[in-house]
$ cat model_9.txt   # compact mmCIF, C-alpha atoms and all ligand atoms
# COMPACT_ATOMS: atom_id res chain seq x y z
CA THR A 1 52.68 255.55 -46.88
CA GLY A 2 49.45 253.69 -47.60
CA THR A 3 50.25 251.02 -45.05
CA ARG A 4 50.99 253.54 -42.28
CA GLU A 5 47.76 255.39 -42.84
CA LEU A 6 45.81 252.13 -42.86
CA ASP A 7 47.48 250.98 -39.63
CA ALA A 8 46.84 254.30 -37.91
CA ARG A 9 43.15 254.30 -38.78
CA MET A 10 42.67 250.67 -37.77
CA SER A 11 44.55 250.99 -34.48
CA VAL A 12 41.73 253.05 -32.97
CA CYS A 13 38.88 250.79 -34.16
CA ARG A 14 36.41 249.82 -31.41
CA ALA A 15 33.62 248.35 -33.54
CA CYS A 16 33.38 244.96 -31.74
CA PRO A 17 32.46 245.46 -28.06
CA ARG A 18 33.30 241.88 -27.00
CA LEU A 19 36.76 242.01 -28.61
CA VAL A 20 37.60 245.50 -27.35
CA THR A 21 36.86 244.32 -23.79
CA TRP A 22 38.88 241.11 -24.22
CA ARG A 23 41.95 242.63 -25.88
CA GLU A 24 42.18 245.32 -23.21
CA GLU A 25 41.47 242.96 -20.30
CA VAL A 26 44.18 240.51 -21.37
CA ALA A 27 46.64 243.36 -21.76
CA ALA A 28 45.74 245.00 -18.42
CA VAL A 29 45.93 241.76 -16.42
CA ARG A 30 49.27 240.78 -17.94
CA ARG A 31 50.72 244.27 -17.56
CA ALA A 32 49.80 244.21 -13.89
CA ALA A 33 51.33 240.74 -13.39
CA PHE A 34 54.48 241.27 -15.44
CA ALA A 35 55.35 244.93 -15.18
CA GLU A 36 58.28 244.54 -17.56
CA GLN A 37 56.10 243.15 -20.36
CA ALA A 38 54.47 245.65 -22.66
CA TYR A 39 51.19 244.34 -24.07
CA TRP A 40 49.88 245.73 -27.34
CA GLY A 41 46.17 245.21 -26.53
CA ARG A 42 44.86 246.88 -29.70
CA PRO A 43 43.92 245.89 -33.27
CA VAL A 44 46.97 244.18 -34.79
CA PRO A 45 48.15 245.68 -38.08
CA SER A 46 49.03 243.64 -41.15
CA PHE A 47 52.72 242.83 -41.64
CA GLY A 48 54.59 243.14 -44.92
CA PRO A 49 54.98 245.54 -47.84
CA GLY A 50 52.01 247.39 -49.32
CA ASP A 51 53.06 246.30 -52.82
CA ALA A 52 53.02 242.59 -51.95
CA ARG A 53 52.49 239.93 -54.63
CA ILE A 54 51.41 237.34 -52.06
CA LEU A 55 48.75 237.94 -49.41
CA VAL A 56 48.51 235.45 -46.53
CA ILE A 57 45.20 235.57 -44.68
CA GLY A 58 44.97 234.24 -41.14
CA LEU A 59 42.14 234.06 -38.61
CA ALA A 60 42.84 236.53 -35.78
CA PRO A 61 45.69 237.51 -33.43
CA ALA A 62 46.33 235.24 -30.45
CA ALA A 63 45.74 236.73 -26.99
CA HIS A 64 49.41 236.31 -25.99
CA GLY A 65 50.79 236.35 -29.56
CA GLY A 66 49.90 239.29 -31.79
CA ASN A 67 47.87 240.91 -29.01
CA ARG A 68 51.07 240.96 -26.91
CA THR A 69 53.71 241.81 -29.51
CA GLY A 70 51.68 244.01 -31.87
CA ARG A 71 52.76 241.96 -34.89
CA ILE A 72 50.50 239.37 -36.46
CA PHE A 73 51.49 235.67 -35.98
CA THR A 74 54.30 236.79 -33.67
CA GLY A 75 55.05 235.29 -30.26
CA ASP A 76 52.84 232.20 -30.56
CA ARG A 77 53.18 228.63 -31.85
CA SER A 78 51.15 229.12 -35.05
CA GLY A 79 53.42 232.00 -35.97
CA ASP A 80 56.53 229.90 -35.32
CA TRP A 81 55.28 227.40 -37.91
CA LEU A 82 54.21 230.04 -40.40
CA PHE A 83 57.38 232.16 -40.33
CA ALA A 84 59.65 229.10 -40.38
CA SER A 85 57.95 227.90 -43.56
CA LEU A 86 58.01 231.36 -45.17
CA HIS A 87 61.73 231.50 -44.40
CA ARG A 88 62.41 228.04 -45.86
CA VAL A 89 60.82 229.01 -49.18
CA GLY A 90 62.58 232.40 -49.28
CA LEU A 91 59.70 234.71 -48.38
CA ALA A 92 60.89 235.72 -44.86
CA ALA A 93 64.35 237.02 -43.91
CA LEU A 94 64.42 235.14 -40.57
CA PRO A 95 63.03 231.75 -39.45
CA THR A 96 61.35 233.32 -36.39
CA SER A 97 59.26 236.37 -35.64
CA VAL A 98 59.74 237.52 -32.06
CA SER A 99 58.73 241.17 -31.77
CA ALA A 100 59.02 244.54 -33.45
CA GLY A 101 62.67 245.39 -34.01
CA ASP A 102 63.86 241.78 -34.44
CA GLY A 103 64.89 242.44 -38.06
CA GLN A 104 62.23 240.19 -39.57
CA ARG A 105 61.25 241.24 -43.09
CA LEU A 106 58.93 239.64 -45.62
CA THR A 107 59.71 239.52 -49.34
CA ALA A 108 56.76 240.50 -51.56
CA THR A 109 54.46 238.99 -48.93
CA ARG A 110 51.94 240.60 -46.59
CA ILE A 111 50.23 238.78 -43.72
CA VAL A 112 46.78 239.94 -42.68
CA ALA A 113 44.06 238.65 -40.36
CA VAL A 114 40.34 238.40 -41.04
CA VAL A 115 39.59 239.66 -37.52
CA ARG A 116 42.16 242.17 -36.29
CA CYS A 117 41.55 241.90 -32.53
CA ALA A 118 42.27 238.85 -30.36
CA PRO A 119 39.08 236.85 -29.67
CA PRO A 120 38.45 234.76 -26.53
CA ALA A 121 39.47 231.10 -27.16
CA ASN A 122 40.73 232.14 -30.63
CA LYS A 123 37.12 232.03 -31.85
CA PRO A 124 35.66 235.14 -33.43
CA THR A 125 31.95 235.16 -34.20
CA THR A 126 30.63 235.49 -37.75
CA THR A 127 29.32 238.94 -36.78
CA GLU A 128 32.85 239.99 -35.74
CA ARG A 129 34.20 238.54 -39.00
CA ASP A 130 31.75 240.65 -40.98
CA THR A 131 32.28 243.77 -38.84
CA CYS A 132 36.01 243.60 -39.48
CA ARG A 133 35.57 243.12 -43.24
CA PRO A 134 36.26 246.77 -44.19
CA TRP A 135 39.87 246.38 -42.97
CA LEU A 136 40.37 243.27 -45.10
CA VAL A 137 38.85 245.13 -48.06
CA ARG A 138 41.32 248.00 -47.52
CA ASP A 139 44.24 245.54 -47.50
CA LEU A 140 43.00 243.99 -50.75
CA GLU A 141 42.71 247.46 -52.28
CA LEU A 142 46.20 248.32 -51.08
CA VAL A 143 47.86 245.40 -52.89
CA ARG A 144 45.46 245.31 -55.85
CA SER A 145 47.95 246.35 -58.55
CA THR A 146 50.70 243.92 -57.50
CA LEU A 147 48.71 240.97 -56.09
CA ARG A 148 49.27 237.53 -57.73
CA VAL A 149 48.42 234.96 -55.05
CA ILE A 150 46.28 234.80 -51.91
CA VAL A 151 47.03 231.99 -49.45
CA VAL A 152 44.06 231.45 -47.16
CA LEU A 153 44.70 229.76 -43.81
CA GLY A 154 41.61 227.81 -42.79
CA GLY A 155 37.92 227.70 -43.61
CA PHE A 156 36.90 230.72 -41.54
CA ALA A 157 39.30 232.99 -43.46
CA TRP A 158 38.12 231.36 -46.71
CA SER A 159 34.51 232.31 -45.90
CA ALA A 160 35.58 235.88 -45.12
CA LEU A 161 37.62 236.38 -48.26
CA TRP A 162 34.98 236.08 -50.99
CA PRO A 163 32.66 238.94 -49.98
CA ALA A 164 35.75 241.08 -49.24
CA LEU A 165 37.09 240.41 -52.76
CA VAL A 166 33.78 241.49 -54.27
CA GLN A 167 33.76 244.68 -52.18
CA ALA A 168 37.35 245.42 -53.20
CA GLY A 169 36.29 245.20 -56.86
CA PHE A 170 37.85 241.84 -57.80
CA PRO A 171 35.65 239.80 -60.14
CA VAL A 172 35.09 236.32 -58.61
CA PRO A 173 33.86 233.06 -60.18
CA PRO A 174 30.06 232.69 -60.15
CA ARG A 175 30.16 229.42 -58.19
CA ARG A 176 31.72 229.34 -54.72
CA VAL A 177 34.39 226.63 -54.34
CA SER A 178 34.59 224.84 -50.96
CA PHE A 179 37.68 225.28 -48.79
CA GLY A 180 40.29 222.54 -48.75
CA HIS A 181 44.04 222.19 -48.33
CA GLY A 182 45.65 222.77 -51.73
CA VAL A 183 42.38 223.91 -53.38
CA ARG A 184 43.19 226.57 -55.97
CA VAL A 185 40.83 229.04 -57.63
CA GLU A 186 41.84 231.45 -60.42
CA LEU A 187 40.03 234.78 -60.23
CA PRO A 188 38.69 235.96 -63.59
CA VAL A 189 40.16 239.14 -65.11
CA SER A 190 42.77 239.78 -62.40
CA GLY A 191 44.26 236.27 -62.81
CA VAL A 192 44.99 236.18 -59.06
CA SER A 193 45.26 232.62 -57.66
CA VAL A 194 43.49 231.88 -54.38
CA VAL A 195 45.02 228.88 -52.58
CA GLY A 196 43.56 227.11 -49.53
CA CYS A 197 45.88 225.92 -46.75
CA TYR A 198 45.05 224.29 -43.41
CA HIS A 199 45.70 226.73 -40.57
CA PRO A 200 48.97 226.00 -38.70
CA SER A 201 47.08 226.15 -35.38
CA GLN A 202 48.59 224.30 -32.45
CA GLN A 203 45.85 221.69 -32.70
CA ASN A 204 46.57 221.04 -36.40
CA THR A 205 50.37 220.93 -36.07
CA PHE A 206 50.25 218.85 -32.87
CA THR A 207 47.99 216.20 -34.40
CA GLY A 208 49.95 216.08 -37.66
CA ARG A 209 47.05 217.41 -39.72
CA VAL A 210 49.49 220.12 -40.81
CA THR A 211 53.15 219.29 -41.41
CA GLU A 212 56.17 221.39 -42.39
CA VAL A 213 56.19 219.75 -45.82
CA MET A 214 52.52 220.63 -46.37
CA LEU A 215 53.15 224.30 -45.55
CA ASP A 216 56.34 224.45 -47.61
CA THR A 217 54.52 222.97 -50.62
CA ILE A 218 51.78 225.61 -50.42
CA PHE A 219 54.14 228.57 -49.90
CA GLY A 220 56.64 227.26 -52.43
CA THR A 221 53.84 227.08 -55.00
CA ALA A 222 52.70 230.59 -54.04
CA ALA A 223 56.23 231.96 -54.53
CA GLU A 224 56.44 230.25 -57.91
CA LEU A 225 53.04 231.50 -59.07
CA ALA A 226 53.91 235.03 -57.92
CA GLU A 227 57.36 234.80 -59.52
CA VAL A 228 59.07 235.91 -56.31
FE1 LIG B 1 37.64 246.85 -35.23
FE2 LIG B 1 38.20 244.55 -36.44
FE3 LIG B 1 38.93 244.93 -33.91
FE4 LIG B 1 36.35 244.61 -34.54
S1 LIG B 1 37.99 243.07 -34.75
S2 LIG B 1 37.20 246.16 -33.13
S3 LIG B 1 36.23 245.66 -36.54
S4 LIG B 1 39.68 246.06 -35.71

$ encode --input "model_9.txt" --output "structure tokens" --more "lines below"
Ligand code: SF4
Amino acid sequence: TGTRELDARMSVCRACPRLVTWREEVAAVRRAAFAEQAYWGRPVPSFGPGDARILVIGLAPAAHGGNRTGRIFTGDRSGDWLFASLHRVGLAALPTSVSAGDGQRLTATRIVAVVRCAPPANKPTTTERDTCRPWLVRDLELVRSTLRVIVVLGGFAWSALWPALVQAGFPVPPRRVSFGHGVRVELPVSGVSVVGCYHPSQQNTFTGRVTEVMLDTIFGTAAELAEV
């Protein structure tokens, strides 16, 4: 399938030296310390069907989340918040995402990251963001014919999306709209809605900047707009 081919090609990407070193170091150290734990330690593929109507764009895999389990937003606190909300609004089969083989399944929704390899301190550089853009472009091309809504988690992903949309052939409005929670932009021609959402990072959920209700409102709206 298109998604398998995309995953296979991405899984061998080594374009960012700093991230290749980090993802492999984290995996090697943990493997040595906990022999029973398999660590993915490679670029983390997108999760969800290739004919998705909703695309959710996150920042990057967490060192001990996606970089450990091999599934994006899986095995870390941000992912717990994200999948629980997707489940509450009917877009995820289960309220948690633990690891491959747990039975989790997304409905008409695909989760992707702007940067596909875990960065130190969860902070990719703008160069790494731009280097990883071709993979985001491929994901946009993959879902092009079915896509209705893009939910963008955080300002960094928002900044990455616009040039990727242009490269993937989506017409975009002439004036760039600033990121904000609940900000919505309709793309000309395609009619795709782009919706901003604060990232459910541990810092944001811990301080109350992001609440369950806020996430459910955004994803509920996305499901409605996409007629899922
Ligand atoms: Fe390749 Fe993206 Fe990983 Fe960089 S972050 S090595 S471009 S998959």

$ closest_residue --input "model_9.txt" --among "A:Arg31, A:Ala157, A:Ile57, A:Arg14" --to "A:Thr126" --atoms "all atoms listed in the file"
A:Ala157

$ residues_near_ligand --input "model_9.txt" --ligand "ligand LIG 1 (chain B)" --cutoff "8 Å" --atoms "only C-alpha atoms and all ligand atoms" --output "list of chain:residue names"
A:Met10, A:Ser11, A:Val12, A:Cys13, A:Arg14, A:Ala15, A:Cys16, A:Pro17, A:Leu19, A:Val20, A:Arg42, A:Pro43, A:Val44, A:Val114, A:Val115, A:Arg116, A:Cys117, A:Ala118, A:Glu128, A:Arg129, A:Thr131, A:Cys132, A:Arg133, A:Pro134, A:Trp135

$ closest_atom_pairs --input "model_9.txt" --of "stretch 137-160 of chain A" --to "stretch 176-186 of chain A" --cutoff "12 Å" --atoms "all atoms listed in the file" --output "CSV"
residue,atom,partner,partner_atom,distance
A:Arg148,CA,A:Glu186,CA,10.0
A:Val149,CA,A:Glu186,CA,9.2
A:Ile150,CA,A:Arg184,CA,9.7
A:Val151,CA,A:Arg184,CA,9.3
A:Val152,CA,A:Phe179,CA,9.0
A:Leu153,CA,A:His181,CA,8.8
A:Gly154,CA,A:Phe179,CA,7.6
A:Gly155,CA,A:Phe179,CA,5.7
A:Phe156,CA,A:Phe179,CA,9.1
A:Ala157,CA,A:Phe179,CA,9.5
A:Trp158,CA,A:Phe179,CA,6.4
A:Ser159,CA,A:Phe179,CA,8.2
A:Ala160,CA,A:Phe179,CA,11.4

$ axis_aligned_box --input "model_9.txt" --around "stretch 192-206 of chain A" --padding-each-side "4 Å" --output "JSON"
{"center_x": 46.9, "center_y": 227.5, "center_z": -45.8, "size_x": 14.9, "size_y": 25.3, "size_z": 34.6}

$ atom_distance --input "model_9.txt" --atom1 "atom CA of A:Ile54" --atom2 "atom CA of A:Ala93"
15.3 Å

$ residues_around --input "model_9.txt" --residues "A:Gly169" --least-positions-apart "5" --cutoff "12 Å" --atoms "all atoms listed in the file" --output "number ranges by chain"
A: 137-138, 140-142, 144-145, 162-164, 187-190

$ residues_around --input "model_9.txt" --residues "A:Gly220" --least-positions-apart "4" --cutoff "12 Å" --atoms "only C-alpha atoms" --output "list of chain:residue names"
A:Ile54, A:Ser85, A:Leu86, A:His87, A:Arg88, A:Val89, A:Gly90, A:Leu91, A:Val149, A:Val151, A:Gly182, A:Val195, A:Glu212, A:Val213, A:Met214, A:Leu215, A:Asp216, A:Glu224, A:Leu225, A:Ala226, A:Glu227, A:Val228

$ atom_distance --input "model_9.txt" --atom1 "atom CA of A:Ala223" --atom2 "atom CA of A:Gly75"
24.5 Å
